[in-house]
Structures are given as structure tokens and as C-alpha cells.
$ cat query-v5.csv   # CSV, C-alpha atoms
chain,number,residue,atom,x,y,z
A,1,MET,CA,-11.8,17.5,-3.7
A,2,SER,CA,-9.3,16.2,-1.2
A,3,ILE,CA,-7.4,13.0,-1.6
A,4,MET,CA,-8.7,11.5,1.6
A,5,LYS,CA,-12.3,12.2,0.7
A,6,ARG,CA,-12.0,10.9,-2.8
A,7,ILE,CA,-10.4,7.6,-1.7
A,8,SER,CA,-13.1,7.0,0.9
A,9,LEU,CA,-15.9,7.8,-1.6
A,10,ILE,CA,-14.4,5.2,-4.0
A,11,PHE,CA,-14.3,2.6,-1.2
A,12,ARG,CA,-17.9,3.4,-0.2
A,13,SER,CA,-19.3,3.2,-3.7
A,14,LYS,CA,-17.7,-0.3,-4.1
A,15,ALA,CA,-19.3,-1.4,-0.8
A,16,ASN,CA,-22.7,0.0,-1.9
A,17,LYS,CA,-22.5,-1.8,-5.2
A,18,ALA,CA,-21.9,-5.1,-3.4
A,19,LEU,CA,-24.7,-4.4,-1.0
A,20,ASP,CA,-27.3,-3.9,-3.7
A,21,ARG,CA,-26.8,-7.3,-5.2
A,22,ALA,CA,-29.0,-9.4,-3.0
A,23,GLU,CA,-32.8,-9.2,-2.8
A,24,ASP,CA,-33.2,-10.1,0.9
A,25,PRO,CA,-30.6,-8.0,2.7
A,26,ARG,CA,-30.0,-10.9,5.1
A,27,GLU,CA,-28.7,-13.0,2.2
A,28,THR,CA,-26.1,-10.3,1.7
A,29,LEU,CA,-24.8,-11.1,5.2
A,30,ASP,CA,-24.1,-14.7,4.3
A,31,TYR,CA,-22.7,-13.8,0.9
A,32,SER,CA,-20.4,-11.3,2.4
A,33,TYR,CA,-19.3,-13.7,5.2
A,34,GLN,CA,-18.5,-16.2,2.5
A,35,LYS,CA,-16.3,-13.6,0.7
A,36,GLN,CA,-14.7,-12.6,4.0
A,37,ILE,CA,-13.6,-16.2,4.6
A,38,GLU,CA,-12.3,-16.5,1.1
A,39,LEU,CA,-10.3,-13.2,1.5
A,40,LEU,CA,-9.0,-14.5,4.8
A,41,SER,CA,-7.6,-17.6,3.3
A,42,LYS,CA,-6.2,-15.5,0.4
A,43,VAL,CA,-4.3,-13.2,2.7
A,44,ARG,CA,-2.9,-16.2,4.6
A,45,ARG,CA,-1.8,-17.7,1.3
A,46,GLY,CA,-0.2,-14.4,0.6
A,47,VAL,CA,1.7,-14.4,3.8
A,48,ALA,CA,3.0,-17.9,3.0
A,49,ASP,CA,4.0,-16.9,-0.6
A,50,VAL,CA,5.9,-13.9,0.6
A,51,ALA,CA,7.6,-16.1,3.3
A,52,THR,CA,8.6,-18.6,0.6
A,53,SER,CA,10.1,-15.8,-1.6
A,54,ARG,CA,12.0,-14.5,1.4
A,55,LYS,CA,13.5,-17.8,2.2
A,56,ARG,CA,14.5,-18.3,-1.4
A,57,VAL,CA,16.3,-14.9,-1.4
A,58,GLU,CA,18.0,-15.8,1.9
A,59,LEU,CA,19.2,-19.1,0.5
A,60,GLN,CA,20.6,-17.3,-2.6
A,61,ALA,CA,22.3,-14.7,-0.4
A,62,ALA,CA,23.9,-17.5,1.7
A,63,GLN,CA,25.2,-19.1,-1.5
A,64,LEU,CA,26.6,-15.9,-2.8
A,65,GLN,CA,28.2,-15.3,0.6
A,66,GLN,CA,29.8,-18.7,0.4
A,67,GLN,CA,31.2,-17.9,-3.0
A,68,SER,CA,32.4,-14.6,-1.9
A,69,ASP,CA,34.2,-16.1,1.1
A,70,LYS,CA,35.8,-18.6,-1.1
A,71,LEU,CA,37.1,-16.0,-3.4
A,72,THR,CA,38.6,-14.1,-0.4
A,73,ALA,CA,40.4,-17.3,0.7
A,74,GLN,CA,41.7,-17.8,-2.8
A,75,ALA,CA,43.0,-14.3,-3.0
A,76,GLN,CA,44.8,-14.8,0.3
A,77,GLN,CA,46.2,-18.1,-1.0
A,78,ALA,CA,47.3,-16.5,-4.2
A,79,LEU,CA,49.1,-13.7,-2.3
A,80,SER,CA,50.9,-16.1,0.0
A,81,VAL,CA,52.5,-17.7,-3.1
A,82,GLY,CA,53.3,-14.3,-4.5
A,83,ARG,CA,50.7,-14.2,-7.3
A,84,GLU,CA,49.2,-10.8,-7.0
A,85,ASP,CA,47.6,-11.1,-10.5
A,86,LEU,CA,45.6,-14.1,-9.4
A,87,ALA,CA,44.7,-12.4,-6.1
A,88,ARG,CA,43.5,-9.4,-8.1
A,89,GLU,CA,41.4,-11.6,-10.4
A,90,ALA,CA,39.7,-13.3,-7.4
A,91,LEU,CA,38.9,-10.0,-5.7
A,92,THR,CA,37.5,-8.6,-8.9
A,93,ARG,CA,35.1,-11.5,-9.2
A,94,LYS,CA,34.3,-11.1,-5.6
A,95,SER,CA,33.3,-7.4,-6.1
A,96,GLY,CA,30.9,-8.6,-8.7
A,97,LEU,CA,29.2,-10.8,-6.2
A,98,THR,CA,29.2,-8.1,-3.6
A,99,GLY,CA,26.8,-6.0,-5.7
A,100,GLN,CA,24.4,-8.9,-6.1
A,101,LEU,CA,24.6,-9.7,-2.5
A,102,GLU,CA,23.7,-6.2,-1.4
A,103,GLY,CA,20.7,-6.3,-3.8
A,104,LEU,CA,19.5,-9.6,-2.3
A,105,LYS,CA,19.8,-8.3,1.2
A,106,GLU,CA,17.7,-5.3,0.3
A,107,GLN,CA,15.1,-7.6,-1.2
A,108,GLN,CA,15.1,-9.8,1.8
A,109,ALA,CA,14.4,-6.7,4.0
A,110,GLN,CA,11.6,-5.7,1.7
A,111,LEU,CA,10.0,-9.1,1.7
A,112,GLN,CA,10.3,-9.3,5.5
A,113,GLY,CA,8.4,-6.0,5.6
A,114,GLU,CA,5.7,-7.3,3.3
A,115,GLU,CA,5.4,-10.4,5.3
A,116,GLU,CA,4.9,-8.5,8.6
A,117,LYS,CA,2.4,-6.2,7.0
A,118,LEU,CA,0.3,-9.0,5.6
A,119,THR,CA,0.4,-10.9,8.8
A,120,LEU,CA,-1.0,-7.9,10.6
A,121,ALA,CA,-3.6,-7.4,7.9
A,122,SER,CA,-4.7,-11.0,8.3
A,123,GLN,CA,-5.0,-10.6,12.1
A,124,ARG,CA,-7.1,-7.4,11.7
A,125,LEU,CA,-9.3,-9.1,9.1
A,126,GLN,CA,-9.7,-12.2,11.3
A,127,ALA,CA,-10.9,-10.0,14.2
A,128,LYS,CA,-13.3,-8.2,12.0
A,129,VAL,CA,-14.7,-11.4,10.4
A,130,GLU,CA,-15.4,-12.8,13.8
A,131,ALA,CA,-17.1,-9.6,14.9
A,132,PHE,CA,-19.1,-9.7,11.7
A,133,ARG,CA,-20.2,-13.3,12.2
A,134,THR,CA,-21.5,-12.5,15.7
A,135,ARG,CA,-23.4,-9.5,14.4
A,136,LYS,CA,-24.7,-11.4,11.4
A,137,GLU,CA,-26.2,-14.1,13.6
A,138,THR,CA,-27.9,-11.5,15.9
A,139,ILE,CA,-29.3,-9.6,13.0
A,140,LYS,CA,-30.6,-12.7,11.3
A,141,ALA,CA,-32.2,-14.0,14.5
A,142,THR,CA,-33.7,-10.8,15.7
A,143,TYR,CA,-34.8,-8.7,12.8
A,144,THR,CA,-37.2,-9.0,9.8
A,145,ALA,CA,-35.7,-8.3,6.4
A,146,ALA,CA,-36.9,-4.7,6.4
A,147,GLU,CA,-35.7,-3.9,9.9
A,148,ALA,CA,-32.4,-5.6,9.3
A,149,GLN,CA,-31.5,-3.3,6.5
A,150,THR,CA,-29.9,-0.4,8.5
A,151,ARG,CA,-28.1,-2.7,10.8
A,152,ILE,CA,-26.8,-4.7,7.9
A,153,ASN,CA,-25.6,-1.5,6.3
A,154,GLU,CA,-23.7,-0.6,9.4
A,155,ALA,CA,-21.9,-3.9,9.8
A,156,PHE,CA,-21.4,-4.3,6.1
A,157,SER,CA,-19.7,-1.0,5.3
A,158,GLY,CA,-17.1,-1.5,8.0
A,159,ILE,CA,-16.1,-4.9,6.9
A,160,SER,CA,-16.2,-4.2,3.2
A,161,GLU,CA,-13.8,-1.3,3.7
A,162,GLU,CA,-11.5,-3.6,5.5
A,163,MET,CA,-11.9,-6.2,2.7
A,164,GLY,CA,-11.0,-3.5,0.1
A,165,ASP,CA,-8.0,-2.6,2.1
A,166,VAL,CA,-6.8,-6.2,2.7
A,167,GLY,CA,-7.6,-7.1,-0.9
A,168,MET,CA,-5.4,-4.2,-2.1
A,169,ALA,CA,-2.6,-5.1,0.3
A,170,VAL,CA,-2.5,-8.7,-1.0
A,171,GLN,CA,-2.6,-7.5,-4.6
A,172,ARG,CA,0.3,-5.1,-4.0
A,173,ALA,CA,2.3,-7.7,-2.1
A,174,GLU,CA,1.8,-10.2,-5.0
A,175,ASP,CA,3.0,-7.6,-7.5
A,176,LYS,CA,6.1,-6.8,-5.5
A,177,THR,CA,6.9,-10.5,-4.9
A,178,ALA,CA,6.4,-11.3,-8.6
A,179,GLN,CA,9.0,-8.7,-9.5
A,180,MET,CA,11.5,-10.0,-7.0
A,181,GLN,CA,10.8,-13.6,-8.1
A,182,ALA,CA,11.8,-12.7,-11.6
A,183,ARG,CA,15.1,-11.3,-10.3
A,184,ALA,CA,15.6,-14.3,-8.1
A,185,GLY,CA,15.0,-16.6,-11.1
A,186,ALA,CA,17.7,-14.7,-13.0
A,187,ILE,CA,20.2,-15.2,-10.1
A,188,ASP,CA,19.2,-18.9,-9.8
A,189,GLU,CA,20.0,-19.3,-13.5
A,190,LEU,CA,23.3,-17.5,-13.0
A,191,ILE,CA,24.2,-19.9,-10.2
A,192,SER,CA,23.2,-23.0,-12.0
A,193,SER,CA,24.9,-22.0,-15.2
A,194,GLY,CA,28.1,-21.8,-13.3
A,195,ALA,CA,28.7,-18.1,-14.0
A,196,LEU,CA,29.0,-17.4,-10.3
A,197,ASP,CA,30.7,-20.7,-9.4
A,198,ASP,CA,33.5,-20.6,-12.0
A,199,ALA,CA,35.9,-18.9,-9.7
A,200,SER,CA,35.6,-21.4,-6.9
A,201,GLN,CA,35.3,-24.8,-8.5
A,202,VAL,CA,38.4,-26.9,-8.3
A,203,SER,CA,37.4,-29.2,-11.1
A,204,GLY,CA,35.8,-28.1,-14.3
A,205,GLY,CA,37.3,-24.9,-15.4
A,206,ASP,CA,38.2,-22.7,-12.4
A,207,ASP,CA,41.4,-21.2,-13.7
A,208,ILE,CA,42.2,-19.5,-10.4
A,209,ALA,CA,41.9,-22.6,-8.4
A,210,ARG,CA,43.8,-24.6,-11.0
A,211,GLU,CA,46.6,-22.3,-11.1
A,212,LEU,CA,46.8,-22.0,-7.3
A,213,ALA,CA,46.8,-25.8,-7.1
A,214,ALA,CA,49.6,-26.0,-9.6
A,215,MET,CA,51.4,-23.3,-7.7
A,216,SER,CA,51.1,-24.9,-4.4
A,217,SER,CA,52.1,-28.4,-5.6
A,218,GLN,CA,55.0,-26.6,-7.2
A,219,SER,CA,55.9,-24.9,-4.0
A,220,ASP,CA,55.4,-28.2,-2.2
A,221,VAL,CA,58.0,-29.7,-4.6
A,222,GLU,CA,60.3,-26.7,-4.0
A,223,ALA,CA,59.9,-26.9,-0.3
A,224,GLU,CA,60.5,-30.6,-0.2
A,225,LEU,CA,63.4,-30.2,-2.5
A,226,ALA,CA,64.8,-27.4,-0.2
A,227,ALA,CA,64.3,-29.7,2.8
A,228,LEU,CA,66.0,-32.5,1.1
A,229,LYS,CA,68.9,-30.2,0.2
A,230,ALA,CA,69.2,-28.9,3.7
A,231,GLY,CA,69.1,-32.4,5.1
A,232,THR,CA,67.2,-33.5,8.2
A,233,THR,CA,68.4,-30.5,10.2
A,234,ASN,CA,65.8,-28.1,8.7
A,235,GLN,CA,62.4,-29.5,9.3
A,236,GLY,CA,60.7,-26.1,9.4
A,237,ALA,CA,61.0,-25.5,5.7
A,238,LEU,CA,58.4,-28.1,4.9
A,239,GLU,CA,55.7,-26.3,6.9
A,240,SER,CA,56.5,-22.8,5.7
A,241,GLY,CA,56.2,-23.6,2.0
A,242,ASN,CA,53.3,-26.0,2.5
A,243,VAL,CA,50.3,-24.5,0.6
A,244,THR,CA,48.1,-27.3,-0.5
A,245,PRO,CA,44.6,-26.8,-2.0
A,246,SER,CA,42.5,-27.1,1.1
A,247,ALA,CA,39.5,-29.3,1.8
A,248,GLU,CA,37.1,-26.3,1.5
A,249,GLU,CA,37.6,-26.2,-2.2
A,250,THR,CA,35.1,-28.9,-2.8
A,251,ALA,CA,32.3,-28.3,-5.3
A,252,PRO,CA,29.8,-25.8,-4.0
A,253,THR,CA,26.4,-27.1,-3.1
A,254,HIS,CA,23.8,-25.3,-5.2
A,255,GLU,CA,21.1,-28.0,-5.2
A,256,GLU,CA,19.4,-26.2,-2.4
A,257,GLY,CA,18.7,-23.3,-4.7
A,258,THR,CA,15.7,-25.1,-6.1
A,259,ALA,CA,14.0,-25.4,-2.8
B,260,MET,CA,-13.9,11.0,13.1
B,261,ILE,CA,-12.4,7.8,11.9
B,262,VAL,CA,-9.4,7.8,9.5
B,263,ARG,CA,-8.0,4.8,7.8
B,264,ILE,CA,-4.4,4.5,6.6
B,265,LEU,CA,-4.5,1.8,4.1
B,266,GLU,CA,-2.5,-1.4,5.0
B,267,GLU,CA,-2.1,0.0,8.5
B,268,GLY,CA,-5.5,0.3,10.2
B,269,GLN,CA,-8.1,2.8,11.5
B,270,PHE,CA,-7.6,5.7,13.9
B,271,GLU,CA,-10.0,7.7,15.9
B,272,VAL,CA,-9.1,11.4,15.4
B,273,ALA,CA,-10.6,14.4,17.1
B,274,ASP,CA,-12.7,16.6,14.8
B,275,GLU,CA,-10.6,19.6,15.7
B,276,GLU,CA,-7.7,18.0,13.9
B,277,LEU,CA,-9.5,18.0,10.6
B,278,ALA,CA,-8.4,21.5,9.6
B,279,ALA,CA,-4.8,20.6,10.0
B,280,LEU,CA,-5.2,17.3,8.2
B,281,ASN,CA,-6.9,19.1,5.3
B,282,ARG,CA,-4.0,21.5,4.9
B,283,LEU,CA,-1.6,18.6,4.7
B,284,ASP,CA,-4.0,16.8,2.4
B,285,ASP,CA,-4.0,19.8,0.1
B,286,GLU,CA,-0.2,19.6,-0.1
B,287,VAL,CA,-0.4,16.0,-1.1
B,288,GLU,CA,-3.0,16.7,-3.7
B,289,ALA,CA,-0.9,19.5,-5.2
B,290,ALA,CA,2.1,17.2,-5.3
B,291,VAL,CA,0.1,14.5,-7.1
B,292,GLU,CA,-1.2,16.9,-9.6
B,293,SER,CA,2.2,18.5,-10.4
B,294,GLY,CA,4.0,15.1,-10.3
B,295,ASP,CA,6.5,16.5,-7.8
B,296,ARG,CA,7.9,13.3,-6.2
B,297,ALA,CA,9.9,15.0,-3.5
B,298,ALA,CA,7.0,17.1,-2.4
B,299,PHE,CA,4.7,14.1,-2.6
B,300,ALA,CA,6.9,11.9,-0.3
B,301,ARG,CA,7.3,14.8,2.2
B,302,SER,CA,3.7,15.8,2.4
B,303,MET,CA,2.4,12.2,2.5
B,304,ALA,CA,4.7,11.4,5.4
B,305,ALA,CA,3.6,14.5,7.2
B,306,LEU,CA,-0.1,13.7,6.7
B,307,LEU,CA,0.3,10.1,7.9
B,308,ASP,CA,2.4,11.1,10.8
B,309,ALA,CA,-0.3,13.7,11.8
B,310,VAL,CA,-3.0,11.0,11.8
B,311,ARG,CA,-0.8,8.5,13.8
B,312,SER,CA,0.3,11.1,16.3
B,313,THR,CA,-3.1,12.8,17.0
B,314,GLY,CA,-5.2,9.7,16.6
B,315,THR,CA,-5.7,6.5,18.7
B,316,PRO,CA,-5.9,3.2,16.9
B,317,LEU,CA,-9.3,1.6,16.6
B,318,ALA,CA,-9.8,-1.9,18.0
B,319,ALA,CA,-9.2,-4.5,15.3
B,320,GLU,CA,-12.7,-6.0,15.7
B,321,ALA,CA,-14.5,-2.6,15.3
B,322,LEU,CA,-16.9,-2.7,12.3
B,323,GLN,CA,-17.0,1.0,11.5
B,324,ASP,CA,-16.4,2.6,8.1
B,325,SER,CA,-14.0,5.5,7.9
B,326,ASP,CA,-14.8,9.1,7.2
B,327,LEU,CA,-11.5,9.5,5.5
B,328,ILE,CA,-9.1,7.0,3.9
B,329,LEU,CA,-5.4,7.6,3.2
B,330,PRO,CA,-3.0,5.8,0.9
B,331,PRO,CA,-0.5,3.2,2.3
B,332,ALA,CA,2.7,4.7,3.7
B,333,ASP,CA,4.8,3.1,0.9
B,334,ALA,CA,2.5,4.2,-1.9
B,335,THR,CA,4.2,5.8,-4.9
B,336,LEU,CA,2.8,8.9,-6.6
B,337,GLU,CA,1.6,6.7,-9.5
B,338,GLU,CA,-0.2,4.4,-7.1
B,339,VAL,CA,-2.0,7.2,-5.5
B,340,ARG,CA,-3.1,8.5,-8.9
B,341,ASP,CA,-4.4,5.0,-9.7
B,342,LEU,CA,-6.2,4.9,-6.4
B,343,LEU,CA,-8.0,8.0,-7.3
B,344,SER,CA,-9.3,6.5,-10.6
B,345,ASP,CA,-12.3,4.3,-10.2
B,346,GLU,CA,-10.6,1.3,-11.9
B,347,GLY,CA,-7.7,1.8,-9.6
B,348,LEU,CA,-6.1,-0.3,-6.9
B,349,ILE,CA,-9.1,-1.3,-5.0
B,350,PRO,CA,-10.3,-4.8,-6.0
B,351,GLY,CA,-13.9,-5.8,-6.2
$ encode --input "query-v5.csv" --output "C-alpha cells"
Amino acid sequence: MSIMKRISLIFRSKANKALDRAEDPRETLDYSYQKQIELLSKVRRGVADVATSRKRVELQAAQLQQQSDKLTAQAQQALSVGREDLAREALTRKSGLTGQLEGLKEQQAQLQGEEEKLTLASQRLQAKVEAFRTRKETIKATYTAAEAQTRINEAFSGISEEMGDVGMAVQRAEDKTAQMQARAGAIDELISSGALDDASQVSGGDDIARELAAMSSQSDVEAELAALKAGTTNQGALESGNVTPSAEETAPTHEEGTA
Amino acid sequence: MIVRILEEGQFEVADEELAALNRLDDEVEAAVESGDRAAFARSMAALLDAVRSTGTPLAAEALQDSDLILPPADATLEEVRDLLSDEGLIPG
């Protein structure tokens, strides 16, 4: 049998099973409405969860971008003082970050897609739940239990199919988000352990920055010395050799990562 | 005839389109059975596109069940297999 037929039969049999539970079919309406409201709040929570994950990934991407920019600046600085080896090291570390960054951007796009899909699902469900509530009240007010049965079946099968669909969408989004959260957790750990920061911290073990700082203070000394030697007639030498560790080399802020 | 694409919504499709949809559906089925990922991706996309292009979206507040239900556009071959087993993807 065809795929389309088989899937719809599975959905229908689930709906029928739910319908058979209540003795008075009108009770089924209230019970189903209850379930619909629950599902609606579940899908809204799902939207919020996915949004939180997306923001976390965005924050991480911003942090990695910052590190990456810092390494570029360090490479330039290293080159300007003639240390190609240091520049190479900084760029090598940067290329490691670039891979991570691309992965995060991909995840961000995926989460954005999930968020949009769930938002639409929640809007569709909302519209159907409202339609169902109206129909439920009409059925309960107008028909006896026996008469109500067919009308209930009609209203019920449409909404329960939607509920099956939305329930599945929420489940799939949760699974995907959980996978990404595991990866995001690994990156957070990497950031907080300093593995990604190493290359850009002035204090506490950043060898590139330390060497650059040493180099620039050395070149300051040389420049000043040269200026002194040349006497007051050659002011320009001071500026040209002046490569001090800049203000941007403050410790990176990764406290936000826990948000 | 009403066709649902899971996670996307319901479409009203003219009955005359059924033969064409069935042909595409057969291709999806064959791909799922043989485990051919490339053929699966190709035939699924063609089937969903056919529904989207020949059908008109049903109003969100419509309470009608669908005659045919199709997997979500981003479903993997494994997910479609799970969907076809009774304990599969559909909760409840």
C-alpha cells in the first residue's frame, strides 16, 4: 500500500482509539479539548525552548567571532614587528575557530527554521482549537448523546489529526534541539576551560600576546633609543616604532555564555 | 480530496491529480524499501512539490481529516520508516 495511505491510516486508528475511551461521546469532547489546551501550551513551550537554544548558539558564535577577530589583530601585530612565526601561529588557531564558527552558524539557521515551523504549527493548532471549542459547545447544547456521535466524530477526527501532527513536530524539534544542546554544552566547556581563550588572553598564559607585548616594549625601547640617538630633530621615529599592546587585549568576557 | 503534509498543513487537491500523486508515491515507497537515499530525497521532494503546486491550502480553522498524509519535508528515510510502523513517530 502507498506511503500516503499507510500514514493516514495510522493517524486515523490513533484518533479512533482516543474516541472509544469515553462512555458518553460528549465527554470525549471535553476530554479532547483539555488535551488540545495541553498540547497548545506544550507547543508554545517548544517554541520558547528552541528560541533559547538559538540565542545560546548566537551568543557562542559572537564569542568565537570575537576570539577570531582578536587573533587576526594579533597576527597583524606580529607581522608588523617582523614575527612571521607568531603570526602563523595566531592564524593557525584562528582557522581552528573558523570551523567551529561555521558549525554554529549552521546550527543557528537550523534552530531558526525549527522555531518558525513550530510557531506556525502553534498558530494552526490555536485556530483549530478555537473552531473545535465553538463546535463542541454547539454539539453539547443541541444534540442528545446518540445524535451527537456523528458530529463528534467529524470534529474529532480533524482535530486529532492536527494534534498528532503537532505532537510529532514538537517531539522532533525537541530531539533536534537536544542534539544541538549537547554540542553547545561542549563548546561552552571549551570556552570556560580556556582552550579557545588561550590565544587572546594577555595575562595567564597567552604565549602569543606575551611575546608580542615583550616585542613591542622591546621595540618601544629601540625606538626611544633611536630617537634619543638622533636627538630632538627626528620625532617621527617614536611613532613608527610604537607598537604597544592595545586596550582591546583585555580579558575576554565569557560570563554571558551561561545565560 | 484533502492531503496533509506533516508539519506544513493541509491542502485541497483535485481528485484528478490522484493518479499523478500515486505515481510519485510509488517512487517514494520503492526508495524507502530499497534504502536508496538519493532516490528518496528526489522522489519525496517531487511528491511534496506536486501537492503544494496543484493544491490550495486549507484554512487553519478547518476541522477536516485528511484523505492522505505525507511525511514532513525534512524527514529522513529512517524517519519515514518509523512513521510507517505503528509505534513510530506519532505520539498518543
$ interface_residues --input "query-v5.csv" --of "chain B" --to "chain A" --cutoff "9 Å" --atoms "only C-alpha atoms" --output "number ranges by chain"
B: 262-263, 265-268, 281, 284-285, 287-288, 318-331, 339, 342-345, 348-351
$ closest_residue --input "query-v5.csv" --among "A:Ala227, A:Leu71, A:Leu79, A:Leu59" --to "Gly96 of chain A" --atoms "all atoms listed in the file"
A:Leu71
$ residues_near_point --input "query-v5.csv" --point "(-6.0, 9.0, 19.9)" --cutoff "12 Å" --atoms "only C-alpha atoms" --output "list of chain:residue names"
B:Met260, B:Ile261, B:Val262, B:Gln269, B:Phe270, B:Glu271, B:Val272, B:Ala273, B:Asp274, B:Glu276, B:Ala309, B:Val310, B:Arg311, B:Ser312, B:Thr313, B:Gly314, B:Thr315, B:Pro316, B:Leu317, B:Ala318
$ residues_around --input "query-v5.csv" --residues "segment 48-55 of chain A" --least-positions-apart "4" --cutoff "12 Å" --atoms "all atoms listed in the file" --output "count of residues only"
45
$ atom_distance --input "query-v5.csv" --atom1 "atom CA of Glu337 of chain B" --atom2 "atom CA of Phe299 of chain B"
10.6 Å
$ atom_distance --input "query-v5.csv" --atom1 "atom CA of Thr134 of chain A" --atom2 "atom CA of Asn16 of chain A"
21.6 Å
$ atom_distance --input "query-v5.csv" --atom1 "atom CA of Glu286 of chain B" --atom2 "atom CA of Ala298 of chain B"
8.0 Å
